[in-house]
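Here is the file final_22.cif (mmCIF, C-alpha atoms and all ligand atoms).
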```cif
data_data
loop_
_atom_site.label_atom_id
_atom_site.label_comp_id
_atom_site.auth_asym_id
_atom_site.auth_seq_id
_atom_site.Cartn_x
_atom_site.Cartn_y
_atom_site.Cartn_z
CA MET A 1 -260.86 49.49 89.91
CA LEU A 2 -262.06 52.48 87.96
CA SER A 3 -259.64 54.01 85.54
CA SER A 4 -260.07 57.26 87.48
CA ASP A 5 -258.05 55.55 90.24
CA LEU A 6 -255.05 55.22 87.95
CA PRO A 7 -253.37 58.49 88.99
CA ASN A 8 -253.07 56.95 92.49
CA PHE A 9 -250.59 54.44 91.13
CA SER A 10 -248.28 57.10 89.78
CA GLU A 11 -248.50 59.11 92.99
CA THR A 12 -247.61 56.04 95.08
CA VAL A 13 -244.82 54.93 92.75
CA GLY A 14 -243.51 58.50 92.50
CA TYR A 15 -243.34 58.80 96.30
CA ILE A 16 -241.52 55.46 96.67
CA ARG A 17 -239.05 56.20 93.86
CA LYS A 18 -238.22 59.50 95.48
CA GLN A 19 -237.37 57.71 98.74
CA VAL A 20 -235.73 54.57 97.39
CA ALA A 21 -232.97 54.25 94.81
CA LEU A 22 -232.94 50.43 94.87
CA GLN A 23 -234.65 48.77 91.91
CA PRO A 24 -236.27 45.54 93.14
CA VAL A 25 -236.55 42.55 90.82
CA ALA A 26 -238.48 40.35 93.25
CA GLY A 27 -241.32 41.00 95.70
CA ILE A 28 -241.94 39.00 98.84
CA VAL A 29 -245.19 38.91 100.82
CA LEU A 30 -244.59 37.72 104.37
CA GLY A 31 -247.47 35.84 105.99
CA THR A 32 -248.73 35.45 109.55
CA GLY A 33 -245.89 34.81 112.00
CA MET A 34 -243.30 34.91 109.23
CA GLY A 35 -242.32 38.54 109.21
CA ARG A 36 -238.83 37.69 110.34
CA LEU A 37 -237.63 36.52 106.95
CA ALA A 38 -237.22 40.26 106.73
CA ASP A 39 -234.26 39.97 109.11
CA ARG A 40 -232.37 38.18 106.34
CA ILE A 41 -232.70 41.20 104.08
CA ALA A 42 -229.84 43.69 104.21
CA PRO A 43 -232.03 46.79 104.23
CA VAL A 44 -231.46 49.79 102.03
CA GLN A 45 -234.68 51.58 102.93
CA VAL A 46 -237.74 50.80 105.05
CA LEU A 47 -241.04 52.59 104.44
CA GLY A 48 -243.98 52.39 106.85
CA TYR A 49 -247.26 51.82 105.01
CA ASN A 50 -248.73 54.82 106.81
CA PHE A 51 -246.27 57.12 105.02
CA ILE A 52 -246.97 55.79 101.52
CA PRO A 53 -249.72 57.66 99.67
CA HIS A 54 -252.82 55.50 98.95
CA PHE A 55 -251.40 52.44 100.71
CA PRO A 56 -253.80 50.59 102.99
CA ILE A 57 -252.69 50.24 106.62
CA SER A 58 -252.40 46.82 108.27
CA THR A 59 -254.80 46.28 111.18
CA VAL A 60 -253.66 42.81 112.23
CA GLU A 61 -251.43 42.77 115.30
CA SER A 62 -249.33 39.83 114.12
CA HIS A 63 -248.40 41.80 111.00
CA PHE A 64 -246.07 44.74 110.80
CA GLY A 65 -246.88 47.29 108.15
CA ARG A 66 -243.84 48.25 106.15
CA LEU A 67 -242.06 47.81 102.86
CA ILE A 68 -238.47 46.69 103.17
CA PHE A 69 -236.17 47.39 100.24
CA GLY A 70 -232.82 45.66 100.29
CA HIS A 71 -230.70 42.70 99.31
CA LEU A 72 -231.60 39.10 100.04
CA GLY A 73 -228.73 36.79 99.19
CA GLY A 74 -227.49 39.58 96.93
CA VAL A 75 -230.80 39.91 95.06
CA GLN A 76 -232.57 43.27 95.03
CA VAL A 77 -235.92 42.68 96.69
CA VAL A 78 -238.85 44.46 98.23
CA ALA A 79 -240.67 42.69 101.04
CA MET A 80 -244.12 43.45 102.37
CA GLN A 81 -243.93 42.92 106.10
CA GLY A 82 -247.66 42.92 106.75
CA ARG A 83 -250.36 42.19 104.23
CA PHE A 84 -254.07 42.93 103.90
CA HIS A 85 -256.94 40.52 104.35
CA TYR A 86 -260.56 40.59 103.25
CA TYR A 87 -261.72 39.99 106.85
CA GLU A 88 -260.14 43.27 107.94
CA GLY A 89 -262.74 45.06 105.86
CA TYR A 90 -260.63 46.01 102.85
CA SER A 91 -261.93 45.76 99.33
CA GLN A 92 -260.20 43.34 97.01
CA GLN A 93 -258.72 46.34 95.19
CA GLN A 94 -257.21 47.64 98.43
CA ILE A 95 -255.82 44.20 99.32
CA THR A 96 -254.04 43.97 95.97
CA TYR A 97 -253.00 47.61 95.63
CA PRO A 98 -249.46 46.93 96.92
CA ILE A 99 -248.98 44.12 94.38
CA ARG A 100 -249.83 46.52 91.55
CA ILE A 101 -247.30 48.94 92.99
CA LEU A 102 -244.55 46.31 93.29
CA LYS A 103 -245.03 45.42 89.64
CA LEU A 104 -244.90 49.09 88.65
CA LEU A 105 -241.68 49.39 90.68
CA GLY A 106 -240.20 46.77 88.39
CA ILE A 107 -240.44 43.34 90.02
CA HIS A 108 -240.82 40.34 87.71
CA THR A 109 -241.22 37.61 90.34
CA LEU A 110 -243.46 37.41 93.42
CA PHE A 111 -242.96 35.15 96.43
CA ILE A 112 -245.85 34.72 98.86
CA SER A 113 -246.04 32.92 102.19
CA ASN A 114 -249.04 32.28 104.39
CA ALA A 115 -250.37 30.29 107.32
CA ALA A 116 -252.98 27.71 106.39
CA GLY A 117 -255.04 24.94 107.89
CA GLY A 118 -254.24 21.44 106.68
CA ILE A 119 -257.27 19.81 105.06
CA ASN A 120 -255.39 16.92 103.54
CA PRO A 121 -254.59 14.54 106.42
CA ALA A 122 -251.20 13.77 104.85
CA LEU A 123 -250.05 17.34 105.63
CA ARG A 124 -248.04 17.68 108.81
CA LEU A 125 -248.45 20.33 111.47
CA GLY A 126 -245.69 22.88 110.99
CA GLY A 127 -244.90 21.47 107.54
CA LEU A 128 -244.61 23.42 104.29
CA MET A 129 -246.85 23.11 101.23
CA VAL A 130 -246.08 24.65 97.86
CA ILE A 131 -249.28 25.98 96.33
CA ASP A 132 -249.76 24.52 92.88
CA ASP A 133 -253.32 25.72 92.36
CA HIS A 134 -256.15 27.40 94.22
CA ILE A 135 -259.90 27.51 94.74
CA ASN A 136 -261.21 31.01 95.22
CA LEU A 137 -264.09 31.13 97.72
CA LEU A 138 -263.69 34.82 98.49
CA PRO A 139 -266.48 37.25 97.70
CA GLU A 140 -265.67 39.91 95.13
CA ASN A 141 -262.73 39.88 92.76
CA PRO A 142 -259.86 42.37 92.52
CA LEU A 143 -260.11 42.29 88.72
CA ARG A 144 -263.79 43.29 88.63
CA GLY A 145 -264.54 46.64 87.06
CA ALA A 146 -262.87 48.44 84.19
CA ASN A 147 -259.85 46.46 83.11
CA LEU A 148 -256.47 48.09 83.59
CA ASP A 149 -255.48 47.44 79.98
CA ASP A 150 -251.97 48.78 80.47
CA LEU A 151 -251.33 46.16 83.12
CA GLY A 152 -252.98 43.04 81.75
CA PRO A 153 -255.82 41.43 79.79
CA ARG A 154 -259.54 41.57 80.56
CA PHE A 155 -259.81 37.79 80.98
CA PRO A 156 -256.52 36.59 82.44
CA ASP A 157 -255.68 32.94 81.97
CA MET A 158 -255.55 30.85 85.15
CA SER A 159 -254.24 27.57 83.77
CA ARG A 160 -250.93 28.06 85.62
CA PRO A 161 -251.08 30.94 88.11
CA TYR A 162 -248.20 29.38 90.13
CA ASP A 163 -245.03 29.10 88.09
CA PRO A 164 -244.10 25.42 87.53
CA ASP A 165 -240.35 26.13 87.19
CA LEU A 166 -240.26 27.95 90.53
CA GLN A 167 -242.07 25.01 92.13
CA GLN A 168 -239.58 22.57 90.69
CA THR A 169 -236.62 24.64 91.87
CA ALA A 170 -238.21 24.91 95.34
CA HIS A 171 -238.51 21.14 95.54
CA ALA A 172 -234.87 20.67 94.54
CA ILE A 173 -233.76 23.19 97.19
CA ALA A 174 -235.98 21.64 99.87
CA GLN A 175 -234.48 18.25 99.14
CA GLN A 176 -230.96 19.65 99.53
CA GLN A 177 -231.97 21.33 102.77
CA GLY A 178 -233.66 18.22 104.13
CA THR A 179 -237.00 19.99 104.40
CA PRO A 180 -240.10 17.94 103.55
CA LEU A 181 -242.13 19.93 101.03
CA ALA A 182 -245.66 18.98 100.01
CA THR A 183 -247.58 20.33 97.03
CA GLY A 184 -251.27 21.08 96.98
CA VAL A 185 -254.36 23.14 96.35
CA TYR A 186 -255.08 26.16 98.55
CA ALA A 187 -258.66 27.25 99.16
CA ALA A 188 -259.17 30.90 100.09
CA VAL A 189 -262.04 31.69 102.46
CA PRO A 190 -263.15 35.11 103.74
CA GLY A 191 -262.78 34.45 107.49
CA PRO A 192 -262.32 35.79 110.09
CA ASN A 193 -263.89 32.76 111.75
CA LEU A 194 -262.22 29.42 111.30
CA GLU A 195 -264.26 26.68 109.68
CA THR A 196 -266.83 24.30 111.10
CA ARG A 197 -266.33 20.54 110.89
CA ALA A 198 -268.89 20.42 108.08
CA GLU A 199 -267.01 23.14 106.20
CA TYR A 200 -263.73 21.24 106.50
CA ARG A 201 -265.49 18.17 105.04
CA PHE A 202 -266.88 20.37 102.28
CA LEU A 203 -263.42 21.80 101.51
CA ARG A 204 -261.92 18.33 101.34
CA THR A 205 -264.67 17.24 98.97
CA LEU A 206 -263.93 20.26 96.79
CA GLY A 207 -260.33 19.15 96.36
CA ALA A 208 -258.59 21.57 98.72
CA ASP A 209 -255.46 20.44 100.57
CA ALA A 210 -255.13 23.57 102.68
CA VAL A 211 -257.32 26.53 103.62
CA GLY A 212 -256.50 30.12 104.50
CA MET A 213 -257.69 33.69 104.36
CA SER A 214 -255.18 35.33 102.03
CA THR A 215 -252.94 34.97 98.97
CA VAL A 216 -255.50 34.35 96.23
CA PRO A 217 -256.36 38.04 95.64
CA GLU A 218 -252.65 38.82 95.29
CA VAL A 219 -252.15 35.87 92.95
CA LEU A 220 -255.08 36.91 90.73
CA VAL A 221 -253.61 40.38 90.30
CA ALA A 222 -250.10 38.98 89.83
CA ALA A 223 -251.38 36.64 87.11
CA HIS A 224 -253.22 39.53 85.49
CA MET A 225 -249.93 41.44 85.24
CA GLY A 226 -247.89 38.43 84.08
CA LEU A 227 -245.78 38.17 87.23
CA ARG A 228 -243.99 34.91 87.84
CA THR A 229 -245.46 33.73 91.14
CA PHE A 230 -244.53 31.28 93.86
CA ALA A 231 -246.57 30.67 97.02
CA VAL A 232 -246.00 28.47 100.03
CA SER A 233 -248.15 27.66 103.07
CA VAL A 234 -247.08 26.75 106.57
CA ILE A 235 -249.60 24.25 107.92
CA THR A 236 -250.50 25.76 111.29
CA ASP A 237 -253.46 23.60 112.29
CA GLU A 238 -254.91 20.26 111.36
CA CYS A 239 -258.45 20.49 110.06
CA ASP A 240 -259.64 16.99 110.84
CA PRO A 241 -263.43 17.13 111.05
CA ASP A 242 -263.60 13.88 113.03
CA ASN A 243 -261.13 15.07 115.65
CA LEU A 244 -261.27 18.86 115.63
CA HIS A 245 -259.66 20.81 118.45
CA PRO A 246 -260.28 24.51 119.08
CA VAL A 247 -257.50 26.58 117.55
CA SER A 248 -256.40 30.06 118.54
CA LEU A 249 -254.51 32.76 116.66
CA GLU A 250 -251.76 32.47 119.29
CA ARG A 251 -251.30 28.80 118.46
CA ILE A 252 -251.33 29.50 114.70
CA VAL A 253 -248.66 32.19 115.12
CA GLU A 254 -246.62 29.89 117.38
CA VAL A 255 -246.59 27.08 114.81
CA ALA A 256 -245.83 29.52 111.98
CA GLN A 257 -242.92 30.97 113.93
CA ALA A 258 -241.53 27.51 114.69
CA ALA A 259 -241.54 26.78 110.95
CA GLU A 260 -239.94 30.10 110.14
CA PRO A 261 -236.28 29.00 109.98
CA LYS A 262 -236.92 26.33 107.33
CA LEU A 263 -239.30 28.57 105.40
CA THR A 264 -236.74 31.37 105.50
CA ALA A 265 -233.94 29.09 104.27
CA LEU A 266 -236.13 27.79 101.45
CA LEU A 267 -237.35 31.19 100.29
CA GLU A 268 -233.93 32.80 100.44
CA ALA A 269 -232.35 30.03 98.38
CA LEU A 270 -235.25 30.14 95.93
CA VAL A 271 -234.98 33.91 95.50
CA VAL A 272 -231.26 33.55 94.75
CA ALA A 273 -231.71 30.57 92.41
CA SER A 274 -234.54 32.18 90.45
CA CYS A 275 -233.66 35.87 90.52
CA GLY A 276 -229.92 36.03 91.20
CA PRO A 277 -227.15 36.19 88.63
CA GLY A 278 -227.25 33.13 86.38
CA ALA A 279 -230.81 32.34 87.57
CA SER A 280 -232.00 28.99 86.29
CA ALA A 281 -235.72 29.09 87.14
N1 LIG B 301 -258.74 28.02 108.27
C1 LIG B 301 -258.65 29.20 107.65
N2 LIG B 301 -257.57 29.96 107.69
C2 LIG B 301 -256.51 29.51 108.37
C3 LIG B 301 -256.53 28.29 109.02
C4 LIG B 301 -257.72 27.51 108.98
O1 LIG B 301 -257.81 26.41 109.56
N3 LIG B 301 -255.33 28.14 109.60
C5 LIG B 301 -254.59 29.23 109.30
N4 LIG B 301 -255.31 30.07 108.54
#
```
Show me the file's structure as structure tokens.
Ligand code: HPA
Amino acid sequence: MLSSDLPNFSETVGYIRKQVALQPVAGIVLGTGMGRLADRIAPVQVLGYNFIPHFPISTVESHFGRLIFGHLGGVQVVAMQGRFHYYEGYSQQQITYPIRILKLLGIHTLFISNAAGGINPALRLGGLMVIDDHINLLPENPLRGANLDDLGPRFPDMSRPYDPDLQQTAHAIAQQQGTPLATGVYAAVPGPNLETRAEYRFLRTLGADAVGMSTVPEVLVAAHMGLRTFAVSVITDECDPDNLHPVSLERIVEVAQAAEPKLTALLEALVVASCGPGASA
């Protein structure tokens, strides 16, 4: 992003601050078919993306497009109900613009969910996978161009983009809740097409456990700004190259929605444990 774009940030933040008194400490990005975690938030203010200056507008039908400010388990949060994908035609800077704004609004922790295909055969359909690391196969990079020195360094470290303490806390919570929780590497691809059998083999060879079309741009920008980040995938289809069935968006959304209650319970408890009073992680 060019430094000439910087005034946009203050205009966006200024507009939101004028509308919303709540000061969020955590941001939540709701993935495909998982927008209903939002129902757990006691809302203080809801802002449609189309009203927020310089915000991109979501074009995907399975995503709403609004920012929800409120309390989740007593924690002051802002949730993005609807996110932006490269395949929609947005630039990486547009995709990550809201994450910059959430940080400027004061969040210190970011929670991301997504739908992903299971590359690792040990992953179960409808199961959850904590993202411990990623492989970025997306074109372009949201950090390309003049560095926003006020927000982070030119060459951000990527040794631990996903906070280990948050992962550990998530595993402890999942165990208490009786929810199986895998850990793995997420590969981000541009989409919008799903992968061929040969591509699934290729991704497995690369070391990916799951594949999807989101999350990594947001995580790069979050890491750049020093946000503590947690991300979790719902495995919505099994990417077995030797037994590959056609998969539709409807099916992906259906599986994601079926997993929603356990994902919601996990994320809510994690937000409280890591951002509530007496937070340990
Ligand atoms: N590939 C890419 N993105 C996805 C998939 C997949 O199999 N499933 C859900 N998002």
Computed interatomic separation between CA of Arg204 in chain A and CA of Ile28 in chain A (Å) =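 Taking CA of Arg204 in chain A and CA of Ile28 in chain A, their separation equals 28.9 Å.
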ask   = Which polymer residues have any atom within 10 Å of an atom of Gly118 in chain A, counting only C-alpha atoms, with same-chain residues fewer than 2 positions away left out, as an MDAnalysis selection string?
value = chainID A and resid 115:116 120:127 129 186 200 204 208:212 233:240
query = Hey, what's within 8 Å of Ala42 in chain A if we count all atoms listed in the file and toss same-chain stuff fewer than 3 positions away? As an MDAnalysis selection string, please?
reply = chainID A and resid 39 70:72
Take the residues from that selection and write them out as a JSON list (two decimals), in the coordinates of the input, keeping C-alpha atoms.
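Saved file selection_5.json follows:
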```json
[["chain", "number", "residue", "atom", "x", "y", "z"],
["A", 39, "ASP", "CA", -234.26, 39.97, 109.11],
["A", 70, "GLY", "CA", -232.82, 45.66, 100.29],
["A", 71, "HIS", "CA", -230.70, 42.70, 99.31],
["A", 72, "LEU", "CA", -231.60, 39.10, 100.04]]
```
Near-range 52-54 of chain A list (8 Å; all atoms listed in the file; drop same-chain fewer than 2 positions) as a PyMOL selection string = chain A and resi 8+11-12+15-16+47-50+56
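Checking A:Arg197, A:Arg154, A:Arg66, A:Lys103 one by one against ligand LIG 301 (chain B), counting only C-alpha atoms and all ligand atoms, you find the shortest gap at A:Arg197.
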request  = Choose the residue, out of A:Pro277, A:Pro190, A:Gly117, A:Gly226, that has the smallest atom-to-atom separation from ligand LIG 301 (chain B); count all atoms listed in the file.
outcome  =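 Of the candidates, the smallest distance to ligand LIG 301 (chain B) is held by A:Gly117.
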ask   = Do you have the CA of Gly152 in chain A-CA of Ile131 in chain A distance handy?
value =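 Between CA of Gly152 in chain A and CA of Ile131 in chain A the gap works out to 22.7 Å.
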